[in-house]
file entry-v5.cif (mmCIF, C-alpha atoms and all ligand atoms)
data_work
#
loop_
_atom_site.label_atom_id
_atom_site.label_comp_id
_atom_site.auth_asym_id
_atom_site.auth_seq_id
_atom_site.Cartn_x
_atom_site.Cartn_y
_atom_site.Cartn_z
CA MET X 1 17.85 -27.39 55.65
CA SER X 2 17.42 -29.13 59.00
CA ASP X 3 20.39 -29.76 61.25
CA ARG X 4 21.73 -33.29 61.59
CA LEU X 5 22.02 -34.96 64.99
CA PHE X 6 24.50 -37.83 65.33
CA ILE X 7 23.33 -40.87 67.26
CA PHE X 8 26.07 -42.50 69.34
CA ASP X 9 24.84 -45.82 70.68
CA THR X 10 26.47 -47.16 73.84
CA THR X 11 24.23 -50.19 74.43
CA LEU X 12 27.28 -52.44 74.04
CA ARG X 13 29.44 -50.43 76.47
CA ASP X 14 27.52 -48.41 79.09
CA GLY X 15 24.48 -50.70 78.61
CA GLU X 16 26.48 -53.86 78.87
CA GLN X 17 28.09 -52.77 82.17
CA VAL X 18 24.80 -53.63 83.92
CA PRO X 19 25.11 -56.78 86.07
CA GLY X 20 23.38 -59.68 84.31
CA CYS X 21 23.36 -57.98 80.89
CA GLN X 22 26.70 -59.35 79.65
CA LEU X 23 26.72 -60.66 76.09
CA ASN X 24 29.16 -62.97 74.37
CA THR X 25 30.93 -61.86 71.19
CA VAL X 26 28.45 -63.57 68.84
CA GLU X 27 25.53 -61.84 70.57
CA LYS X 28 27.33 -58.48 70.47
CA ILE X 29 27.85 -58.84 66.72
CA GLN X 30 24.13 -59.58 66.33
CA VAL X 31 23.24 -56.39 68.23
CA ALA X 32 25.86 -54.33 66.36
CA LYS X 33 24.45 -55.40 62.97
CA GLN X 34 20.94 -54.55 64.12
CA LEU X 35 22.16 -51.12 65.28
CA GLU X 36 23.73 -50.62 61.85
CA ALA X 37 20.39 -51.48 60.19
CA LEU X 38 18.65 -49.11 62.61
CA GLY X 39 20.91 -46.33 61.30
CA VAL X 40 23.05 -45.30 64.29
CA ASP X 41 26.10 -43.21 63.40
CA VAL X 42 28.49 -44.48 66.09
CA ILE X 43 28.61 -47.80 67.94
CA GLU X 44 30.57 -47.74 71.19
CA ALA X 45 31.67 -51.35 71.04
CA GLY X 46 33.48 -51.70 74.38
CA PHE X 47 36.29 -50.80 76.75
CA PRO X 48 39.14 -52.92 75.30
CA ILE X 49 41.59 -52.70 78.24
CA SER X 50 38.91 -53.90 80.68
CA SER X 51 38.98 -57.59 79.61
CA PRO X 52 40.12 -59.92 76.81
CA GLY X 53 36.42 -60.47 76.03
CA ASP X 54 35.84 -56.73 75.48
CA PHE X 55 39.02 -56.46 73.40
CA ASN X 56 37.95 -59.35 71.20
CA SER X 57 34.40 -58.03 70.80
CA VAL X 58 35.69 -54.66 69.53
CA ILE X 59 37.81 -56.53 66.97
CA GLU X 60 34.94 -58.74 65.77
CA ILE X 61 32.37 -55.90 65.67
CA SER X 62 34.86 -53.82 63.66
CA LYS X 63 35.01 -56.63 61.09
CA ALA X 64 31.26 -57.23 61.00
CA VAL X 65 30.00 -53.66 60.65
CA THR X 66 30.63 -51.37 57.68
CA TRP X 67 28.83 -48.08 57.86
CA PRO X 68 28.86 -46.77 61.48
CA THR X 69 31.97 -45.49 63.22
CA ILE X 70 33.26 -48.01 65.78
CA CYS X 71 34.30 -46.40 69.05
CA ALA X 72 36.41 -47.80 71.89
CA LEU X 73 36.52 -46.34 75.42
CA THR X 74 39.70 -45.61 77.37
CA ARG X 75 40.81 -43.76 80.48
CA ALA X 76 43.31 -40.93 79.95
CA VAL X 77 46.07 -43.51 80.19
CA GLN X 78 48.57 -44.39 77.43
CA LYS X 79 48.25 -48.17 77.90
CA ASP X 80 44.44 -47.98 77.53
CA ILE X 81 44.84 -45.96 74.33
CA ASP X 82 47.42 -48.40 72.88
CA VAL X 83 45.05 -51.33 73.49
CA ALA X 84 42.01 -49.47 72.11
CA ALA X 85 43.90 -48.56 68.93
CA ASP X 86 44.90 -52.20 68.49
CA ALA X 87 41.30 -53.40 69.01
CA LEU X 88 40.10 -50.92 66.37
CA LYS X 89 42.57 -52.02 63.70
CA PHE X 90 39.91 -53.59 61.44
CA ALA X 91 37.32 -50.80 61.76
CA LYS X 92 36.45 -48.97 58.53
CA HIS X 93 35.69 -45.82 60.52
CA LYS X 94 37.23 -45.62 63.99
CA ARG X 95 37.12 -43.39 67.05
CA ILE X 96 38.95 -43.44 70.38
CA HIS X 97 36.88 -42.12 73.31
CA THR X 98 39.23 -41.01 76.05
CA GLY X 99 38.67 -38.85 79.10
CA ILE X 100 39.01 -38.03 82.76
CA GLY X 101 36.88 -36.76 85.68
CA THR X 102 36.65 -32.97 85.87
CA SER X 103 34.40 -32.26 88.88
CA ASP X 104 36.10 -31.14 92.09
CA SER X 105 35.15 -34.38 93.84
CA HIS X 106 36.69 -36.49 91.05
CA ILE X 107 39.83 -34.33 91.02
CA LYS X 108 40.25 -34.45 94.79
CA TYR X 109 39.07 -37.93 95.79
CA LYS X 110 39.57 -40.04 92.68
CA PHE X 111 42.81 -38.52 91.38
CA ASN X 112 44.20 -36.66 94.41
CA SER X 113 45.15 -34.02 91.85
CA THR X 114 44.58 -30.38 90.88
CA ARG X 115 42.51 -28.65 88.20
CA GLU X 116 45.65 -27.65 86.27
CA GLU X 117 47.08 -31.16 86.29
CA ILE X 118 43.78 -32.62 85.07
CA ILE X 119 43.86 -30.28 82.05
CA GLU X 120 47.43 -31.43 81.31
CA ARG X 121 46.43 -35.09 81.52
CA ALA X 122 43.38 -34.50 79.32
CA VAL X 123 45.43 -32.76 76.64
CA ALA X 124 48.16 -35.42 76.76
CA ALA X 125 45.57 -38.21 76.32
CA VAL X 126 43.95 -36.53 73.32
CA LYS X 127 47.34 -35.88 71.68
CA TYR X 128 48.39 -39.48 72.31
CA ALA X 129 45.14 -40.87 70.82
CA LYS X 130 45.62 -38.60 67.78
CA ARG X 131 48.79 -40.55 66.94
CA TYR X 132 46.53 -43.50 66.14
CA VAL X 133 43.25 -42.05 64.82
CA GLU X 134 41.94 -38.81 63.38
CA ASP X 135 38.61 -39.03 65.20
CA VAL X 136 39.14 -38.56 68.96
CA GLU X 137 36.31 -37.95 71.39
CA PHE X 138 37.05 -36.59 74.86
CA TYR X 139 34.73 -37.12 77.86
CA ALA X 140 34.78 -34.82 80.90
CA GLU X 141 33.44 -37.32 83.41
CA ASP X 142 30.97 -35.81 85.90
CA ALA X 143 30.70 -32.67 83.74
CA GLY X 144 27.16 -32.34 85.15
CA ARG X 145 28.70 -31.36 88.50
CA THR X 146 31.73 -29.53 87.08
CA GLU X 147 31.75 -25.76 87.42
CA ASN X 148 31.05 -24.24 83.96
CA GLU X 149 34.00 -21.85 83.86
CA TYR X 150 36.54 -24.61 84.54
CA LEU X 151 34.71 -27.02 82.19
CA ALA X 152 35.03 -24.44 79.39
CA ARG X 153 38.80 -24.34 79.94
CA VAL X 154 39.00 -28.14 79.72
CA VAL X 155 36.87 -28.24 76.56
CA GLU X 156 38.91 -25.48 74.91
CA ALA X 157 42.19 -27.23 75.73
CA VAL X 158 41.13 -30.64 74.36
CA ILE X 159 39.73 -29.12 71.15
CA LYS X 160 43.04 -27.33 70.69
CA ALA X 161 44.77 -30.70 71.18
CA GLY X 162 42.67 -32.19 68.37
CA ALA X 163 39.44 -33.58 69.89
CA THR X 164 36.74 -33.85 67.22
CA VAL X 165 33.90 -34.48 69.67
CA VAL X 166 33.62 -33.40 73.31
CA ASN X 167 31.29 -35.37 75.53
CA ILE X 168 29.62 -33.58 78.48
CA PRO X 169 28.38 -36.45 80.68
CA ASP X 170 25.89 -35.96 83.46
CA THR X 171 27.45 -39.06 84.98
CA THR X 172 25.32 -39.10 88.13
CA GLY X 173 22.03 -38.04 86.49
CA TYR X 174 21.91 -35.01 88.80
CA CYS X 175 21.25 -32.04 86.48
CA LEU X 176 17.90 -30.40 85.85
CA PRO X 177 17.02 -30.00 82.16
CA GLU X 178 17.42 -26.21 82.29
CA GLU X 179 20.74 -26.51 84.07
CA TYR X 180 22.11 -29.06 81.61
CA GLY X 181 20.90 -27.03 78.62
CA ALA X 182 22.49 -23.89 80.09
CA LYS X 183 25.79 -25.78 80.50
CA ILE X 184 25.83 -26.69 76.80
CA ARG X 185 24.86 -23.12 75.87
CA TYR X 186 27.66 -21.74 78.09
CA LEU X 187 30.22 -23.94 76.31
CA MET X 188 28.87 -22.99 72.87
CA GLU X 189 29.27 -19.31 73.79
CA HIS X 190 32.52 -19.30 75.79
CA VAL X 191 34.85 -21.88 74.23
CA ASP X 192 37.25 -20.59 71.59
CA GLY X 193 37.33 -23.00 68.63
CA ILE X 194 34.00 -24.64 69.51
CA ASP X 195 33.17 -24.69 65.77
CA LYS X 196 35.99 -27.24 65.26
CA ALA X 197 34.27 -29.90 67.39
CA ILE X 198 30.85 -31.33 68.15
CA LEU X 199 29.44 -31.26 71.68
CA SER X 200 27.85 -34.51 72.81
CA THR X 201 25.29 -35.25 75.52
CA HIS X 202 25.64 -38.32 77.75
CA CYS X 203 22.91 -38.33 80.38
CA HIS X 204 22.11 -40.84 83.09
CA ASN X 205 18.62 -41.41 84.39
CA ASP X 206 19.01 -41.46 88.19
CA LEU X 207 16.28 -38.85 88.64
CA GLY X 208 14.31 -39.85 85.54
CA MET X 209 15.54 -36.82 83.58
CA ALA X 210 17.98 -38.38 81.09
CA THR X 211 15.83 -37.83 78.00
CA ALA X 212 14.71 -34.35 79.09
CA ASN X 213 18.33 -33.35 79.75
CA THR X 214 19.47 -34.75 76.41
CA ILE X 215 16.80 -32.84 74.49
CA SER X 216 17.65 -29.70 76.44
CA GLY X 217 21.30 -30.21 75.43
CA VAL X 218 20.29 -30.57 71.78
CA LEU X 219 18.11 -27.45 71.91
CA ASN X 220 21.16 -25.56 73.16
CA GLY X 221 23.64 -26.72 70.55
CA ALA X 222 24.77 -30.33 71.18
CA ARG X 223 24.83 -32.27 67.89
CA GLN X 224 25.62 -35.76 69.14
CA VAL X 225 23.60 -37.74 71.71
CA GLU X 226 24.85 -40.81 73.58
CA VAL X 227 22.02 -43.25 74.08
CA THR X 228 21.16 -46.90 74.62
CA MET X 229 18.35 -49.10 73.38
CA ASN X 230 15.55 -49.35 75.98
CA GLY X 231 17.55 -46.86 78.09
CA ILE X 232 19.61 -49.62 79.68
CA GLY X 233 22.82 -48.67 81.49
CA GLU X 234 24.55 -48.15 84.83
CA ARG X 235 22.09 -47.86 87.78
CA ALA X 236 18.86 -46.26 86.46
CA GLY X 237 20.26 -46.33 82.92
CA ASN X 238 21.15 -43.95 80.08
CA THR X 239 19.02 -41.84 77.76
CA SER X 240 16.95 -44.14 75.60
CA LEU X 241 17.56 -44.04 71.86
CA GLU X 242 13.94 -44.64 70.92
CA GLU X 243 12.69 -41.70 73.00
CA VAL X 244 15.11 -39.20 71.45
CA ALA X 245 14.47 -40.45 67.91
CA MET X 246 10.69 -40.25 68.29
CA ILE X 247 10.72 -36.86 70.06
CA LEU X 248 12.60 -35.39 67.10
CA ARG X 249 10.26 -37.12 64.67
CA CYS X 250 7.11 -35.91 66.46
CA HIS X 251 8.39 -32.37 67.04
CA LYS X 252 9.16 -31.26 63.50
CA ASP X 253 9.33 -27.71 64.93
CA ILE X 254 12.75 -28.57 66.43
CA ASP X 255 13.93 -29.10 62.84
CA ILE X 256 16.69 -31.60 63.60
CA ASP X 257 16.99 -34.94 61.81
CA THR X 258 18.64 -38.23 62.67
CA ASN X 259 19.52 -41.15 60.43
CA ILE X 260 17.39 -43.57 62.48
CA ASN X 261 15.04 -45.84 60.55
CA THR X 262 12.33 -45.66 63.20
CA GLN X 263 10.49 -48.70 61.80
CA LYS X 264 13.32 -50.85 63.14
CA ILE X 265 12.99 -49.52 66.70
CA TYR X 266 10.65 -52.19 68.02
CA SER X 267 12.57 -55.18 66.63
CA THR X 268 15.84 -53.74 67.99
CA SER X 269 14.25 -53.20 71.39
CA ARG X 270 13.01 -56.82 71.48
CA MET X 271 16.40 -58.16 70.43
CA VAL X 272 18.30 -56.19 73.10
CA SER X 273 15.77 -57.08 75.78
CA SER X 274 15.86 -60.80 75.08
CA LEU X 275 19.63 -61.15 74.52
CA MET X 276 20.43 -59.08 77.62
CA ASN X 277 17.75 -60.74 79.69
CA MET X 278 16.44 -57.33 80.62
CA PRO X 279 12.63 -56.99 80.46
CA VAL X 280 11.18 -53.70 79.24
CA GLN X 281 8.76 -52.17 81.74
CA PRO X 282 5.21 -52.42 80.31
CA ASN X 283 4.61 -48.66 80.44
CA LYS X 284 8.01 -47.73 78.92
CA ALA X 285 7.58 -44.91 76.39
CA ILE X 286 7.68 -46.05 72.72
CA VAL X 287 8.60 -49.73 73.24
CA GLY X 288 6.67 -50.88 76.35
CA ARG X 289 3.90 -53.48 75.92
CA ASN X 290 1.29 -50.86 76.86
CA ALA X 291 2.76 -47.94 74.91
CA PHE X 292 0.00 -48.19 72.30
CA ALA X 293 -2.62 -50.13 74.28
CA HIS X 294 -5.84 -48.33 75.05
CA SER X 295 -7.86 -49.78 77.89
CA SER X 296 -10.28 -47.18 79.23
CA GLY X 297 -13.69 -47.03 77.58
CA ILE X 298 -13.49 -43.30 76.81
CA HIS X 299 -10.05 -43.65 75.17
CA GLN X 300 -11.06 -46.75 73.19
CA ASP X 301 -14.13 -44.97 71.86
CA GLY X 302 -12.00 -41.95 70.88
CA VAL X 303 -9.33 -44.03 69.15
CA LEU X 304 -11.92 -46.01 67.21
CA LYS X 305 -13.50 -42.77 65.94
CA ASN X 306 -10.16 -41.17 65.08
CA VAL X 307 -6.83 -42.63 66.14
CA GLN X 308 -5.25 -39.19 66.62
CA THR X 309 -7.57 -38.43 69.54
CA TYR X 310 -5.29 -40.34 71.91
CA GLU X 311 -2.23 -41.25 69.83
CA ILE X 312 0.64 -38.96 68.85
CA ILE X 313 2.66 -41.74 67.21
CA ASP X 314 1.50 -44.20 64.58
CA PRO X 315 2.63 -47.59 66.02
CA LYS X 316 3.69 -48.57 62.48
CA ASP X 317 6.33 -45.80 62.59
CA VAL X 318 8.21 -47.75 65.26
CA GLY X 319 7.58 -51.14 63.64
CA ILE X 320 4.54 -52.24 65.66
CA ASP X 321 1.70 -53.64 63.58
CA ASP X 322 -1.23 -51.92 65.23
CA ASN X 323 -2.48 -50.21 68.36
CA ALA X 324 -4.04 -52.64 70.79
CA ILE X 325 -7.56 -52.19 72.01
CA VAL X 326 -7.40 -54.25 75.18
CA LEU X 327 -10.75 -55.53 76.38
CA THR X 328 -11.16 -55.08 80.13
CA ALA X 329 -13.99 -54.25 82.53
CA ARG X 330 -13.38 -50.58 81.66
CA SER X 331 -14.05 -51.09 77.94
CA GLY X 332 -17.18 -49.67 76.39
CA ARG X 333 -19.64 -51.04 73.83
CA ALA X 334 -17.67 -49.38 70.99
CA ALA X 335 -14.56 -51.43 71.76
CA LEU X 336 -16.53 -54.67 72.04
CA LYS X 337 -18.36 -53.93 68.78
CA HIS X 338 -15.00 -53.26 67.09
CA ARG X 339 -13.56 -56.57 68.35
CA LEU X 340 -16.67 -58.46 67.22
CA HIS X 341 -16.35 -56.81 63.81
CA VAL X 342 -12.66 -57.83 63.57
CA LEU X 343 -13.79 -61.40 64.40
CA GLY X 344 -16.37 -61.22 61.62
CA LEU X 345 -19.40 -60.94 63.88
CA GLU X 346 -22.07 -58.33 63.16
CA MET X 347 -25.17 -58.11 65.34
CA THR X 348 -28.21 -56.00 66.17
CA GLN X 349 -28.02 -53.34 68.87
CA GLU X 350 -30.25 -55.47 71.06
CA LYS X 351 -27.95 -58.51 70.79
CA LEU X 352 -24.88 -56.28 71.31
CA ASP X 353 -26.40 -54.93 74.56
CA LYS X 354 -26.92 -58.48 75.81
CA VAL X 355 -23.41 -59.63 74.85
CA TYR X 356 -21.96 -56.48 76.46
CA GLU X 357 -23.79 -57.23 79.71
CA ASP X 358 -22.34 -60.77 79.78
CA PHE X 359 -18.93 -59.41 78.78
CA LEU X 360 -18.86 -57.03 81.79
CA LYS X 361 -19.70 -59.86 84.17
CA LEU X 362 -16.87 -61.98 82.76
CA ALA X 363 -14.40 -59.05 82.67
CA ASP X 364 -15.00 -58.44 86.39
CA LYS X 365 -13.78 -61.97 87.09
CA LYS X 366 -11.08 -62.36 84.44
CA LYS X 367 -8.11 -60.08 83.75
CA ASP X 368 -7.59 -60.88 80.06
CA ILE X 369 -10.53 -61.35 77.76
CA THR X 370 -9.46 -63.42 74.77
CA ASP X 371 -10.99 -63.69 71.32
CA ASP X 372 -12.24 -67.17 72.30
CA ASP X 373 -14.11 -65.65 75.26
CA ILE X 374 -15.75 -63.14 72.92
CA MET X 375 -16.79 -65.87 70.52
CA VAL X 376 -18.40 -67.86 73.36
CA LEU X 377 -20.20 -64.77 74.66
CA ALA X 378 -21.50 -64.04 71.16
CA GLY X 379 -22.65 -67.66 70.84
CA ALA X 380 -20.54 -68.07 67.70
CA ASP X 381 -18.68 -71.10 66.40
CA ARG X 382 -14.95 -70.27 66.02
CA ASN X 383 -14.63 -72.45 62.93
CA VAL X 384 -17.41 -70.83 60.93
CA ASN X 385 -16.66 -67.91 58.65
CA HIS X 386 -19.11 -65.24 59.74
CA HIS X 387 -18.50 -62.72 56.98
O1 LIG A 401 28.72 -41.67 82.46
C1 LIG A 401 29.88 -41.40 82.10
O2 LIG A 401 30.48 -40.40 82.53
C2 LIG A 401 30.51 -42.31 81.16
C3 LIG A 401 31.84 -41.89 80.59
C4 LIG A 401 32.83 -43.00 80.70
C5 LIG A 401 31.65 -41.45 79.17
O3 LIG A 401 29.96 -43.33 80.81
ZN ZN A 402 27.80 -43.23 81.29
#

call {"tool": "encode", "arguments": {"input": "entry-v5.cif", "output": "structure tokens"}}
result
Amino acid sequence: MSDRLFIFDTTLRDGEQVPGCQLNTVEKIQVAKQLEALGVDVIEAGFPISSPGDFNSVIEISKAVTWPTICALTRAVQKDIDVAADALKFAKHKRIHTGIGTSDSHIKYKFNSTREEIIERAVAAVKYAKRYVEDVEFYAEDAGRTENEYLARVVEAVIKAGATVVNIPDTTGYCLPEEYGAKIRYLMEHVDGIDKAILSTHCHNDLGMATANTISGVLNGARQVEVTMNGIGERAGNTSLEEVAMILRCHKDIDIDTNINTQKIYSTSRMVSSLMNMPVQPNKAIVGRNAFAHSSGIHQDGVLKNVQTYEIIDPKDVGIDDNAIVLTARSGRAALKHRLHVLGLEMTQEKLDKVYEDFLKLADKKKDITDDDIMVLAGADRNVNHH
């Protein structure tokens, strides 16, 4: 049987921290319900101590959502944990996500503390959160730049204190995929009691490696991934949910399943983009406008003969109706013939050659060739049924 990977969505917490992406409570509930329909396992709904708005959103999302676990973020501070537990009171399944920085620079400059004291504070926070909930996740902030031997001691101590999930964030997006994978492997092999908890990835995209690092973490034993829709998040963003879900779907050889209903990916992406006022770059993998658009003549010809020549994903699998054959000056006769056929226009080779010649002249002047342009070039009347 394949292994199960838990999808922890932090669109409403790490994603929502982006300036300009703030949502009101009603909008957050809309996104949370869509994430539930998409099949995520955990929704990180907010950081309740940070503002009354965040506190209230965690309460309302907890009431609105049934199946996924609702998670609230805290620092390793008792007051934060008290407020998070209060905000989670209506959740059917609840988790407190507490943690502290573990890299030497965090310990020295942020906390003016020592490695030993940080372990004590981490353990105390987990034990305190356990008074309220069974499911406690611990994050070792800046784990990406934390020395592995010390990180293993932190992870072992928090698991002993009752952590059910331990998050290994590459907070600054610094790690290389091999390095991040080796870190997860090191923890899997050196932490006593690792079988009592799940290791989680949480990768940022500062160097464009968030998805690669996440997959490397999974290949080395992590069984939860922290992701956002469209990869939104602090600075260059977080690992994008749609990329991880489709990588695992395409690479059956990895033999790890998620609960994601991939056909809801595109609608979720559109909803998050429009509510958060955050456009998706056109060439974004999986959900970008051009992700399934073929524009070069050679590619269009190949796709029309057999779609698998240039497509590894069926657009329908992510909820997009069809691949788009975009007509441009680089399109060949095959693409034009296909479009004419879709419009109900069949013609002789001689006529097609003539229309193609006119089409190229027009395409050199005009960026987008519409169906109306094609009809005019073919000398057809738009209102007549040509079948
Ligand atoms: O990037 C990070 O380290 C975080 C933690 C708060 C989990 O977002
Ligand atoms: Zn983060």

call {"tool": "residues_near_ligand", "arguments": {"input": "entry-v5.cif", "ligand": "ligand LIG 401 (chain A)", "cutoff": "6 Å", "atoms": "only C-alpha atoms and all ligand atoms", "output": "PyMOL selection string"}}
result
chain X and resi 14+139+141-142+169+171

call {"tool": "closest_residue", "arguments": {"input": "entry-v5.cif", "among": "X:Ala236, X:Val126, X:Ile61, X:Leu35", "to": "ligand ZN 402 (chain A)", "atoms": "only C-alpha atoms and all ligand atoms"}}
result
X:Ala236

call {"tool": "residues_near_point", "arguments": {"input": "entry-v5.cif", "point": "(-14.8, -53.1, 69.7)", "cutoff": "12 Å", "atoms": "all atoms listed in the file", "output": "number ranges by chain"}}
result
X: 294-295, 297, 299-305, 324-328, 331-346, 352, 355-356, 359, 371, 374

call {"tool": "atom_distance", "arguments": {"input": "entry-v5.cif", "atom1": "CA of Tyr266 in chain X", "atom2": "CA of Ala291 in chain X"}}
result
11.3 Å

call {"tool": "closest_residue", "arguments": {"input": "entry-v5.cif", "among": "X:Met278, X:Leu187, X:Val77, X:Ala87", "to": "Ile59 in chain X", "atoms": "all atoms listed in the file"}}
result
X:Ala87

call {"tool": "residues_near_ligand", "arguments": {"input": "entry-v5.cif", "ligand": "ligand ZN 402 (chain A)", "cutoff": "8 Å", "atoms": "all atoms listed in the file", "output": "number ranges by chain"}}
result
X: 14, 169-171, 202-204, 233-234, 238

call {"tool": "closest_residue", "arguments": {"input": "entry-v5.cif", "among": "X:Leu23, X:Val287, X:Leu73, X:Ala129", "to": "Gly53 in chain X", "atoms": "all atoms listed in the file"}}
result
X:Leu23

call {"tool": "closest_residue", "arguments": {"input": "entry-v5.cif", "among": "X:Ala76, X:Val65, X:Ala285, X:Met375", "to": "Glu243 in chain X", "atoms": "all atoms listed in the file"}}
result
X:Ala285

call {"tool": "atom_distance", "arguments": {"input": "entry-v5.cif", "atom1": "CA of Lys94 in chain X", "atom2": "CA of Ala72 in chain X"}}
result
8.2 Å

call {"tool": "closest_residue", "arguments": {"input": "entry-v5.cif", "among": "X:Gly208, X:Gly173, X:Gly193, X:Gly181", "to": "Ala152 in chain X", "atoms": "only C-alpha atoms"}}
result
X:Gly193

call {"tool": "atom_distance", "arguments": {"input": "entry-v5.cif", "atom1": "CA of Ile159 in chain X", "atom2": "CA of Phe90 in chain X"}}
result
26.3 Å

call {"tool": "closest_residue", "arguments": {"input": "entry-v5.cif", "among": "X:Asn213, X:Ala378, X:Lys92, X:Ala329", "to": "Leu360 in chain X", "atoms": "all atoms listed in the file"}}
result
X:Ala329

call {"tool": "residues_around", "arguments": {"input": "entry-v5.cif", "residues": "His190 in chain X", "least_positions_apart": "5", "cutoff": "12 Å", "atoms": "only C-alpha atoms", "output": "PDB file with C-alpha atoms, keeping the file's coordinate frame"}}
result
ATOM      1  CA  ASN X 148      31.050 -24.240  83.960  1.00  0.00           C
ATOM      2  CA  GLU X 149      34.000 -21.850  83.860  1.00  0.00           C
ATOM      3  CA  TYR X 150      36.540 -24.610  84.540  1.00  0.00           C
ATOM      4  CA  LEU X 151      34.710 -27.020  82.190  1.00  0.00           C
ATOM      5  CA  ALA X 152      35.030 -24.440  79.390  1.00  0.00           C
ATOM      6  CA  ARG X 153      38.800 -24.340  79.940  1.00  0.00           C
ATOM      7  CA  VAL X 154      39.000 -28.140  79.720  1.00  0.00           C
ATOM      8  CA  VAL X 155      36.870 -28.240  76.560  1.00  0.00           C
ATOM      9  CA  GLU X 156      38.910 -25.480  74.910  1.00  0.00           C
ATOM     10  CA  ALA X 182      22.490 -23.890  80.090  1.00  0.00           C
ATOM     11  CA  LYS X 183      25.790 -25.780  80.500  1.00  0.00           C
ATOM     12  CA  ILE X 184      25.830 -26.690  76.800  1.00  0.00           C
ATOM     13  CA  ARG X 185      24.860 -23.120  75.870  1.00  0.00           C
ATOM     14  CA  ASP X 195      33.170 -24.690  65.770  1.00  0.00           C
TER      15      ASP X 195
END
